[in-house]
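Q: Following this line is structure.cif, made up of mmCIF, C-alpha atoms and all ligand atoms:
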```cif
data_work
#
loop_
_atom_site.label_atom_id
_atom_site.label_comp_id
_atom_site.auth_asym_id
_atom_site.auth_seq_id
_atom_site.Cartn_x
_atom_site.Cartn_y
_atom_site.Cartn_z
CA ALA A 1 3.07 17.71 -15.66
CA GLN A 2 2.63 14.24 -17.17
CA GLU A 3 3.86 15.73 -20.48
CA ARG A 4 7.21 16.57 -18.95
CA TYR A 5 7.88 12.94 -18.21
CA ALA A 6 6.34 11.51 -21.36
CA SER A 7 9.75 10.53 -22.73
CA ILE A 8 10.44 8.18 -19.78
CA ARG A 9 6.90 6.86 -19.47
CA GLU A 10 7.70 3.47 -20.96
CA THR A 11 11.23 3.32 -19.54
CA PRO A 12 11.61 0.67 -16.84
CA THR A 13 12.84 2.19 -13.59
CA VAL A 14 16.40 0.97 -13.19
CA THR A 15 18.79 2.94 -11.00
CA GLN A 16 22.38 3.74 -11.98
CA ASP A 17 23.55 0.74 -9.97
CA GLY A 18 21.05 -1.58 -11.61
CA ALA A 19 18.26 -1.87 -9.05
CA ARG A 20 14.88 -2.43 -10.69
CA ILE A 21 12.15 -0.44 -8.96
CA ASN A 22 8.55 -1.39 -9.58
CA MET A 23 6.47 1.75 -10.02
CA VAL A 24 2.80 1.14 -9.35
CA MET A 25 -0.04 3.48 -8.57
CA ASN A 26 -2.67 4.13 -5.94
CA ALA A 27 -6.27 4.40 -7.13
CA GLY A 28 -9.78 4.37 -5.75
CA LEU A 29 -12.07 5.85 -8.37
CA MET A 30 -13.08 4.77 -11.84
CA ALA A 31 -11.74 8.18 -12.90
CA ASP A 32 -8.24 7.04 -11.87
CA LEU A 33 -8.18 4.19 -14.38
CA PRO A 34 -6.98 6.11 -17.46
CA SER A 35 -3.88 7.01 -15.42
CA LEU A 36 -2.79 3.41 -15.66
CA ASN A 37 -1.71 4.14 -19.21
CA ASN A 38 -0.97 7.86 -19.01
CA SER A 39 1.40 7.61 -16.07
CA GLY A 40 3.44 4.58 -17.02
CA ALA A 41 2.33 2.77 -13.85
CA GLU A 42 3.19 -0.92 -13.94
CA GLY A 43 0.07 -1.85 -12.03
CA VAL A 44 -2.17 -0.74 -9.17
CA GLY A 45 -0.36 -1.28 -5.87
CA LEU A 46 -3.28 -0.06 -3.81
CA PHE A 47 -6.89 0.12 -4.92
CA ARG A 48 -8.80 1.74 -2.07
CA THR A 49 -12.27 0.20 -2.11
CA GLU A 50 -13.95 2.38 0.49
CA LEU A 51 -14.92 5.19 -1.88
CA GLN A 52 -17.68 3.11 -3.48
CA PHE A 53 -19.07 2.59 0.00
CA LEU A 54 -18.61 6.17 1.16
CA ILE A 55 -20.31 8.00 -1.70
CA ARG A 56 -23.70 6.39 -1.07
CA ASN A 57 -26.34 6.52 1.56
CA GLN A 58 -26.88 2.79 1.59
CA MET A 59 -24.69 -0.29 1.41
CA PRO A 60 -23.77 -0.94 -2.25
CA LYS A 61 -25.16 -4.13 -3.76
CA ARG A 62 -22.79 -6.95 -4.46
CA SER A 63 -23.68 -6.83 -8.14
CA GLU A 64 -22.72 -3.14 -8.29
CA LEU A 65 -19.36 -3.91 -6.76
CA VAL A 66 -18.81 -6.74 -9.24
CA THR A 67 -19.41 -4.32 -12.10
CA GLN A 68 -16.99 -1.77 -10.69
CA TYR A 69 -14.22 -4.21 -9.84
CA LYS A 70 -14.59 -5.71 -13.29
CA ARG A 71 -14.05 -2.31 -14.83
CA VAL A 72 -10.88 -1.90 -12.80
CA LEU A 73 -9.53 -5.28 -13.91
CA ASP A 74 -10.57 -4.70 -17.51
CA ALA A 75 -8.72 -1.37 -17.53
CA ALA A 76 -5.65 -2.96 -15.98
CA GLY A 77 -5.44 -5.77 -18.53
CA GLU A 78 -2.27 -7.73 -17.80
CA LYS A 79 -1.22 -5.40 -15.00
CA ARG A 80 -1.64 -6.52 -11.40
CA VAL A 81 -4.22 -4.80 -9.22
CA VAL A 82 -4.03 -5.02 -5.43
CA PHE A 83 -7.53 -4.61 -4.03
CA ARG A 84 -7.56 -3.46 -0.46
CA THR A 85 -10.61 -4.61 1.43
CA LEU A 86 -12.82 -2.03 3.07
CA ASP A 87 -10.80 0.34 5.23
CA ILE A 88 -13.47 2.21 7.14
CA GLY A 89 -13.60 3.64 10.62
CA SER A 90 -11.23 6.30 11.89
CA ASP A 91 -11.69 9.19 9.43
CA LYS A 92 -13.92 7.22 7.03
CA VAL A 93 -17.39 6.65 8.45
CA LEU A 94 -20.20 4.96 6.51
CA PRO A 95 -23.37 7.01 6.94
CA TYR A 96 -25.61 3.90 6.86
CA MET A 97 -23.69 1.82 9.38
CA LYS A 98 -24.36 2.24 13.07
CA HIS A 99 -21.81 4.69 14.26
CA VAL A 100 -20.29 4.38 17.69
CA GLU A 101 -18.67 7.42 19.20
CA GLU A 102 -15.07 6.57 19.91
CA PRO A 103 -12.65 8.63 21.97
CA ASN A 104 -9.75 7.88 19.60
CA PRO A 105 -11.14 6.71 16.25
CA ALA A 106 -7.70 6.28 14.68
CA LEU A 107 -6.96 3.73 17.39
CA GLY A 108 -10.45 2.34 17.30
CA TRP A 109 -12.80 0.09 15.46
CA ARG A 110 -11.53 0.33 11.93
CA ALA A 111 -10.40 -1.52 8.83
CA ILE A 112 -9.85 -5.27 9.35
CA ARG A 113 -11.22 -4.97 12.88
CA VAL A 114 -14.60 -3.99 11.43
CA GLY A 115 -14.28 -6.65 8.74
CA LEU A 116 -13.69 -9.42 11.25
CA ASP A 117 -16.57 -8.26 13.44
CA LYS A 118 -18.94 -7.76 10.49
CA ARG A 119 -18.21 -10.88 8.48
CA GLY A 120 -21.22 -10.33 6.23
CA VAL A 121 -19.72 -7.18 4.73
CA MET A 122 -16.30 -8.81 4.34
CA ARG A 123 -17.79 -11.87 2.61
CA MET A 124 -19.91 -9.76 0.32
CA GLN A 125 -16.87 -7.81 -0.80
CA LEU A 126 -14.76 -10.95 -1.25
CA GLN A 127 -17.50 -12.54 -3.32
CA ALA A 128 -17.70 -9.43 -5.48
CA LEU A 129 -13.93 -9.52 -6.02
CA ILE A 130 -13.92 -13.22 -6.93
CA ARG A 131 -16.80 -12.76 -9.36
CA ALA A 132 -15.19 -9.69 -10.90
CA ALA A 133 -11.93 -11.57 -11.41
CA ASP A 134 -13.95 -14.13 -13.34
CA GLY A 135 -11.06 -16.51 -13.84
CA ARG A 136 -8.33 -13.86 -13.90
CA PRO A 137 -5.66 -13.47 -11.21
CA LEU A 138 -6.88 -11.83 -8.00
CA THR A 139 -4.89 -9.98 -5.36
CA VAL A 140 -6.52 -9.04 -2.07
CA MET A 141 -4.94 -7.05 0.73
CA PHE A 142 -6.25 -6.56 4.26
CA PRO A 143 -5.67 -3.17 5.88
CA PHE A 144 -4.47 -2.42 9.37
CA VAL A 145 -3.40 -5.89 10.44
CA ALA A 146 -1.95 -5.52 13.94
CA GLN A 147 -1.28 -9.17 14.72
CA ALA A 148 -0.91 -12.38 12.76
CA ASP A 149 -4.19 -13.98 13.82
CA GLU A 150 -6.21 -11.17 12.31
CA PHE A 151 -4.62 -11.90 8.97
CA ARG A 152 -5.13 -15.65 9.39
CA GLU A 153 -8.81 -15.22 10.16
CA ALA A 154 -9.31 -12.94 7.20
CA ARG A 155 -7.47 -15.34 4.91
CA TRP A 156 -9.60 -18.18 6.21
CA GLU A 157 -12.64 -16.09 5.23
CA VAL A 158 -11.16 -15.79 1.73
CA LYS A 159 -10.73 -19.57 1.52
CA LYS A 160 -14.30 -20.16 2.73
CA THR A 161 -15.62 -17.68 0.21
CA ILE A 162 -13.69 -19.35 -2.59
CA GLU A 163 -15.22 -22.68 -1.55
CA ARG A 164 -18.70 -21.19 -1.52
CA GLU A 165 -18.23 -19.62 -4.91
CA ARG A 166 -17.02 -22.91 -6.30
CA ARG A 167 -20.13 -24.64 -5.02
CA LEU A 168 -22.28 -21.94 -6.58
CA GLY A 169 -20.63 -22.66 -9.90
CA HIS A 170 -18.64 -19.44 -10.30
CA VAL A 171 -15.32 -19.40 -12.10
CA LEU A 172 -12.51 -19.12 -9.56
CA PRO A 173 -9.54 -16.78 -9.89
CA GLU A 174 -6.65 -18.15 -11.90
CA THR A 175 -4.31 -17.26 -9.05
CA LEU A 176 -4.97 -15.78 -5.64
CA GLU A 177 -2.61 -13.67 -3.57
CA VAL A 178 -3.61 -12.55 -0.10
CA GLY A 179 -1.50 -9.96 1.67
CA ALA A 180 -1.49 -7.63 4.64
CA MET A 181 -0.82 -3.96 5.14
CA LEU A 182 1.76 -3.20 7.77
CA GLU A 183 0.42 -0.04 9.36
CA THR A 184 1.01 -0.67 13.04
CA PRO A 185 4.50 -1.16 14.49
CA SER A 186 3.34 -4.36 16.22
CA LEU A 187 3.13 -6.29 12.96
CA ALA A 188 6.78 -5.65 12.21
CA PHE A 189 7.60 -7.70 15.32
CA ALA A 190 5.21 -10.57 14.59
CA PRO A 191 6.72 -14.07 14.73
CA GLN A 192 8.72 -14.94 11.64
CA LYS A 193 6.07 -17.55 10.90
CA PHE A 194 3.73 -14.75 9.92
CA PHE A 195 6.19 -13.44 7.35
CA ASP A 196 6.48 -16.97 5.96
CA GLU A 197 2.71 -17.29 5.64
CA VAL A 198 1.61 -13.94 4.30
CA GLY A 199 1.42 -13.61 0.52
CA PHE A 200 2.94 -10.13 0.54
CA ILE A 201 3.26 -7.08 2.73
CA SER A 202 2.58 -3.48 1.88
CA ILE A 203 3.71 -0.79 4.27
CA GLY A 204 0.96 1.77 4.77
CA GLY A 205 3.36 4.55 5.53
CA ASN A 206 0.72 7.14 6.38
CA ASP A 207 -0.65 5.12 9.23
CA LEU A 208 2.63 3.47 10.16
CA LYS A 209 4.28 6.85 10.58
CA GLN A 210 1.40 8.21 12.64
CA PHE A 211 1.67 5.30 15.07
CA PHE A 212 5.44 5.18 15.07
CA PHE A 213 5.73 8.82 16.15
CA ALA A 214 2.37 8.92 17.97
CA ALA A 215 1.46 11.92 15.82
CA ASP A 216 -2.06 12.15 14.39
CA ARG A 217 -1.94 12.33 10.59
CA GLU A 218 -5.10 14.46 10.62
CA ASN A 219 -3.86 16.99 13.13
CA GLU A 220 -2.32 20.09 11.58
CA LEU A 221 -0.44 20.83 14.77
CA VAL A 222 1.61 17.67 14.60
CA ARG A 223 1.24 16.04 11.20
CA ARG A 224 4.37 17.60 9.75
CA ARG A 225 6.37 17.49 12.92
CA TYR A 226 8.32 14.29 12.27
CA ASP A 227 10.37 13.59 9.22
CA THR A 228 9.97 10.34 7.32
CA LEU A 229 13.74 10.51 6.88
CA ASN A 230 14.20 10.48 10.64
CA VAL A 231 16.81 7.83 11.38
CA SER A 232 14.53 5.98 13.80
CA PHE A 233 11.87 5.58 11.18
CA LEU A 234 14.34 4.54 8.49
CA SER A 235 15.86 1.96 10.86
CA PHE A 236 12.40 0.62 11.42
CA ILE A 237 11.78 0.37 7.68
CA GLU A 238 15.11 -1.37 7.30
CA ARG A 239 14.10 -3.91 9.92
CA ILE A 240 10.89 -4.68 8.01
CA VAL A 241 12.88 -5.08 4.79
CA GLU A 242 15.22 -7.52 6.53
CA ARG A 243 12.41 -9.58 8.01
CA CYS A 244 10.66 -9.85 4.65
CA ALA A 245 13.94 -10.78 2.99
CA ILE A 246 14.41 -13.76 5.31
CA SER A 247 11.16 -15.31 4.09
CA GLU A 248 11.35 -13.76 0.62
CA THR A 249 8.02 -12.07 1.26
CA PRO A 250 7.26 -9.50 -1.45
CA LEU A 251 7.28 -6.05 0.11
CA SER A 252 5.96 -2.73 -1.14
CA PHE A 253 5.36 0.72 0.30
CA CYS A 254 2.11 2.51 -0.46
CA GLY A 255 1.89 5.62 1.72
CA GLU A 256 2.15 9.18 0.38
CA ASP A 257 5.90 9.19 0.95
CA ALA A 258 6.34 6.71 -1.91
CA GLY A 259 5.37 9.57 -4.23
CA ARG A 260 7.85 12.10 -2.83
CA PRO A 261 11.07 11.78 -4.83
CA VAL A 262 13.61 12.17 -2.01
CA GLU A 263 11.64 9.97 0.37
CA ALA A 264 11.12 7.39 -2.37
CA LEU A 265 14.84 7.39 -3.12
CA CYS A 266 15.68 6.73 0.53
CA LEU A 267 13.04 4.00 0.79
CA ALA A 268 14.56 2.34 -2.25
CA ALA A 269 18.00 2.73 -0.71
CA MET A 270 16.71 0.92 2.38
CA GLY A 271 15.72 -1.96 0.12
CA ILE A 272 12.11 -1.34 -0.90
CA ARG A 273 11.63 -2.38 -4.52
CA THR A 274 7.95 -1.65 -5.13
CA LEU A 275 6.54 1.81 -4.59
CA SER A 276 2.87 2.63 -4.97
CA MET A 277 2.01 6.28 -5.40
CA ARG A 278 -0.45 8.68 -6.94
CA PRO A 279 -0.12 8.58 -10.73
CA ALA A 280 1.23 12.13 -11.03
CA SER A 281 4.21 11.20 -8.86
CA ILE A 282 5.45 8.40 -11.08
CA GLY A 283 7.25 10.72 -13.51
CA PRO A 284 9.14 12.77 -10.89
CA VAL A 285 10.06 9.73 -8.77
CA LYS A 286 11.19 7.72 -11.77
CA SER A 287 13.22 10.61 -13.11
CA LEU A 288 15.21 10.81 -9.86
CA MET A 289 15.62 7.02 -9.61
CA LEU A 290 17.03 6.80 -13.13
CA ARG A 291 19.73 9.33 -12.23
CA SER A 292 20.62 7.85 -8.84
CA ASN A 293 22.92 5.21 -7.47
CA LEU A 294 21.19 3.54 -4.52
CA GLN A 295 24.41 2.19 -3.06
CA GLU A 296 25.68 5.74 -2.82
CA VAL A 297 22.44 6.92 -1.22
CA ARG A 298 22.72 4.05 1.23
CA LYS A 299 26.22 5.17 2.12
CA ILE A 300 25.07 8.78 2.65
CA ILE A 301 22.31 7.49 4.93
CA ALA A 302 24.69 5.22 6.85
CA ASP A 303 27.18 8.05 7.35
CA ALA A 304 24.48 10.43 8.60
CA ARG A 305 23.27 7.79 11.04
CA HIS A 306 26.83 7.21 12.15
CA ARG A 307 27.27 10.92 12.86
CA GLY A 308 24.19 10.74 15.07
CA GLU A 309 22.01 12.98 12.96
CA GLN A 310 18.31 13.03 13.65
CA SER A 311 17.23 13.00 10.04
CA VAL A 312 19.19 11.99 6.98
CA ARG A 313 17.44 14.64 4.91
CA PRO A 314 20.10 17.37 5.07
CA ALA A 315 22.83 14.91 4.07
CA VAL A 316 20.79 13.43 1.24
CA MET A 317 19.82 16.89 -0.03
CA ASP A 318 23.46 18.02 0.03
CA TRP A 319 24.46 14.93 -1.88
CA LEU A 320 21.69 15.45 -4.44
CA ARG A 321 22.94 18.99 -5.07
CA THR A 322 26.38 17.66 -5.92
CA GLN A 323 24.78 15.26 -8.40
CA SER A 324 23.12 17.81 -10.68
C1 LIG B 1 -1.47 4.32 4.55
O1 LIG B 1 -1.90 4.30 5.69
O2 LIG B 1 -0.29 4.63 4.27
C2 LIG B 1 -2.31 3.94 3.40
C3 LIG B 1 -1.80 3.75 2.21
O3 LIG B 1 -3.63 3.82 3.61
P1 LIG B 1 -4.62 5.06 3.85
O4 LIG B 1 -3.85 6.31 3.54
O5 LIG B 1 -5.78 4.82 2.97
O6 LIG B 1 -4.92 4.92 5.31
MG MG B 2 -3.78 3.32 6.17
#
```
Is it possible to give me this structure as structure tokens?
A:
Amino acid sequence: AQERYASIRETPTVTQDGARINMVMNAGLMADLPSLNNSGAEGVGLFRTELQFLIRNQMPKRSELVTQYKRVLDAAGEKRVVFRTLDIGSDKVLPYMKHVEEPNPALGWRAIRVGLDKRGVMRMQLQALIRAADGRPLTVMFPFVAQADEFREARWEVKKTIERERRLGHVLPETLEVGAMLETPSLAFAPQKFFDEVGFISIGGNDLKQFFFAADRENELVRRRYDTLNVSFLSFIERIVERCAISETPLSFCGEDAGRPVEALCLAAMGIRTLSMRPASIGPVKSLMLRSNLQEVRKIIADARHRGEQSVRPAVMDWLRTQS
């Protein structure tokens, strides 16, 4: 499939009306790294770090993590890599960490909540990231931030770790960006001050959608029930775009929908300019973007909303058919 899109691999993604879309990829395994070149990805928008923790029966050593993160940064070269700190809990349980039975794990002790309660693990991972960066730029993202203070505490932990590393004589990152994933509706309504403070925001669409519609992403009975192109969800996305625009906070989208061409097109039409997706999706998404005029898509979406439609999908699909 990559072959089919080889001719546009190095082509920057610019829509017919001149919007530049940043196409980055999701990764989590060393085996994903060659895709950085094969897919035409402009960077790694989401590096999921939990796999290195999940595939073992004991906590990985800091030195092992340093080696792995170094390999990721070496492979990326000049391209930016967004490392997401450990996102465990919910569906991802570490076999060697005391497991508490939770009635609703998806709403439970997970991601940054675990990190803030188990500072040792968070610090160890931050140290490994700083050491792996070894003087290069470093980008760290905290998952599942539900309110501003969680992000502030985590960022304070980053600052403390940087200080400690400096004292220990390690080379510090050339630049440091610290961002948050917006995966719970609450964060979209945080005080504007939060948007001013945060380094960047990435919408974790998989979780955000599950909480927006109250529909478990793991449950076959409901997981496909609600459309990402539902007007309520798109309005919500638009609101996040607007809030980030006020503070000029860089915004990306890194859920599975970023890799679905029609969804990606609508997200771009709502104003999202960085999409992070699985490498194999870059070709198909880019191909559609290159052919499309986002202002027109925006108009189709606005008209469908105006008519009171539940999802803009039928209107967008009709429009796409007239385009080919
Ligand atoms: C998401 O929730 O959209 C996301 C990118 O994170 P994960 O799928 O790993 O929960
Ligand atoms: Mg998530």
Q: Neighbouring residues of A:Asn37 were defined as those with any atom within 12 Å, considering all atoms listed in the file; residues of the same chain fewer than 6 positions away were excluded. Please report them as number ranges by chain.
A: A: 2, 6, 9-10, 24-25, 43-44, 75-79, 279-280, 282
Q: Keeping C-alpha atoms, export the residues of the selection given above as an mmCIF file, keeping the file's coordinate frame.
A:
```cif
data_model
loop_
_atom_site.group_PDB
_atom_site.id
_atom_site.type_symbol
_atom_site.label_atom_id
_atom_site.label_comp_id
_atom_site.auth_asym_id
_atom_site.auth_seq_id
_atom_site.Cartn_x
_atom_site.Cartn_y
_atom_site.Cartn_z
ATOM 1 C CA GLN A 2 2.630 14.240 -17.170
ATOM 2 C CA ALA A 6 6.340 11.510 -21.360
ATOM 3 C CA ARG A 9 6.900 6.860 -19.470
ATOM 4 C CA GLU A 10 7.700 3.470 -20.960
ATOM 5 C CA VAL A 24 2.800 1.140 -9.350
ATOM 6 C CA MET A 25 -0.040 3.480 -8.570
ATOM 7 C CA GLY A 43 0.070 -1.850 -12.030
ATOM 8 C CA VAL A 44 -2.170 -0.740 -9.170
ATOM 9 C CA ALA A 75 -8.720 -1.370 -17.530
ATOM 10 C CA ALA A 76 -5.650 -2.960 -15.980
ATOM 11 C CA GLY A 77 -5.440 -5.770 -18.530
ATOM 12 C CA GLU A 78 -2.270 -7.730 -17.800
ATOM 13 C CA LYS A 79 -1.220 -5.400 -15.000
ATOM 14 C CA PRO A 279 -0.120 8.580 -10.730
ATOM 15 C CA ALA A 280 1.230 12.130 -11.030
ATOM 16 C CA ILE A 282 5.450 8.400 -11.080
#
```
Q: Identify which of the residues A:Val262, A:Leu29, A:Leu168, A:Ala245 lies closest to A:Asp227, counting all atoms listed in the file when measuring atom-to-atom distances.
A: A:Val262
Q: Under the rule that all atoms listed in the file are counted, which of A:Asp117, A:Asp196, A:Glu150, A:Asp87 is the nearest residue to ligand MG 2 (chain B)?
A: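 With all atoms listed in the file as the atom set, the closest residue is A:Asp87.
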Q: Between atom CA of A:Glu242 and atom CA of A:Cys254, what distance in Å does the model show, to one decimal?
A: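 A separation of 17.9 Å between them.
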Q: May I have the residues within 6 Å of ligand LIG 1 (chain B), computed using only C-alpha atoms and all ligand atoms, as a ChimeraX atom specification?
A: /A:204-207,254-255
Q: Write out as a VMD selection string each polymer residue (protein, DNA or RNA) that has an atom no more than 12 Å from ligand MG 2 (chain B), with all atoms listed in the file counted.
A: chain A and resid 46 to 48 50 84 to 92 106 to 107 110 to 112 141 to 146 180 to 184 202 to 211 217 253 to 256
Q: Using all atoms listed in the file, which of the listed residues (A:Ser247, A:Gln310, A:Gln323, A:Gln125) sits closest to A:Asn293?
A: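 Checking each candidate against A:Asn293, we get A:Gln323 as the closest.
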Q: Near A:Gln58, counting all atoms listed in the file, which residues have an atom at most 10 Å away, once you skip same-chain residues fewer than 6 positions from it, shown as JSON, numbers by chain?
A: {"A": [94, 95, 96, 97]}
Q: Please, could you write that set of residues out with C-alpha atoms as an mmCIF file, in the frame of the given file?
A:
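Dumped everything to out.cif:
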```
data_model
loop_
_atom_site.group_PDB
_atom_site.id
_atom_site.type_symbol
_atom_site.label_atom_id
_atom_site.label_comp_id
_atom_site.auth_asym_id
_atom_site.auth_seq_id
_atom_site.Cartn_x
_atom_site.Cartn_y
_atom_site.Cartn_z
ATOM 1 C CA LEU A 94 -20.200 4.960 6.510
ATOM 2 C CA PRO A 95 -23.370 7.010 6.940
ATOM 3 C CA TYR A 96 -25.610 3.900 6.860
ATOM 4 C CA MET A 97 -23.690 1.820 9.380
#
```
Q: Rounded to one decimal place, report the atom CA of A:Glu64-atom CA of A:Glu165 distance in Å.
A: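 So the answer is 17.4 Å.
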Q: Work out where the centre of an axis-aligned box around every listed atom of stretch 12-21 of chain A lies and how long its edges are once 5 Å is added on each side; give both in Å to one decimal as AutoDock Vina command-line options.
A:
```
--center_x 17.6 --center_y 0.7 --center_z -12.9 --size_x 21.9 --size_y 16.2 --size_z 17.9
```
Q: Of the candidates A:Lys98, A:Lys70, A:Arg119, A:Arg155, which one gets nearest to A:Asp134 if we count all atoms listed in the file?
A: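 Smallest distance to A:Asp134 is found for A:Lys70.
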Q: Enter the distance from atom CA of A:Gln127 to atom CA of A:Thr161, in Å, rounded to one decimal.
A: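 Interatomic distance here is 6.5 Å.
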Q: Please provide the set of residues having any atom within 10 Å of A:Ala188, restricted to only C-alpha atoms, with same-chain residues fewer than 3 positions apart removed, written as JSON, numbers by chain.
A: {"A": [146, 147, 182, 183, 184, 185, 191, 192, 194, 195, 203, 236, 237, 239, 240, 241, 243, 244]}
Q: Which residues of stretch 258-287 of chain A sit at most 10 Å from stretch 315-321 of chain A, using all atoms listed in the file? Give each one's shortest atom pair and distance in Å (one decimal place), in chain and ascending residue order, as JSON lines.
A:
```
{"residue": "A:Val262", "atom": "CA", "partner": "A:Val316", "partner_atom": "CA", "distance": 8.0}
{"residue": "A:Glu263", "atom": "CA", "partner": "A:Val316", "partner_atom": "CA", "distance": 9.8}
{"residue": "A:Leu265", "atom": "CA", "partner": "A:Val316", "partner_atom": "CA", "distance": 9.5}
{"residue": "A:Cys266", "atom": "CA", "partner": "A:Val316", "partner_atom": "CA", "distance": 8.5}
```
Q: So which one's closest to A:Ala132, A:Arg291, A:Arg71, A:Arg307, A:Arg56? Using all atoms listed in the file, please.
A: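 Among the listed residues, A:Arg71 lies closest to A:Ala132.
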Q: Restricting the calculation to only C-alpha atoms: of A:Ile300, A:Ala215, A:Ala264, A:Val171, which residue gets closest to A:Met23?
A: A:Ala264
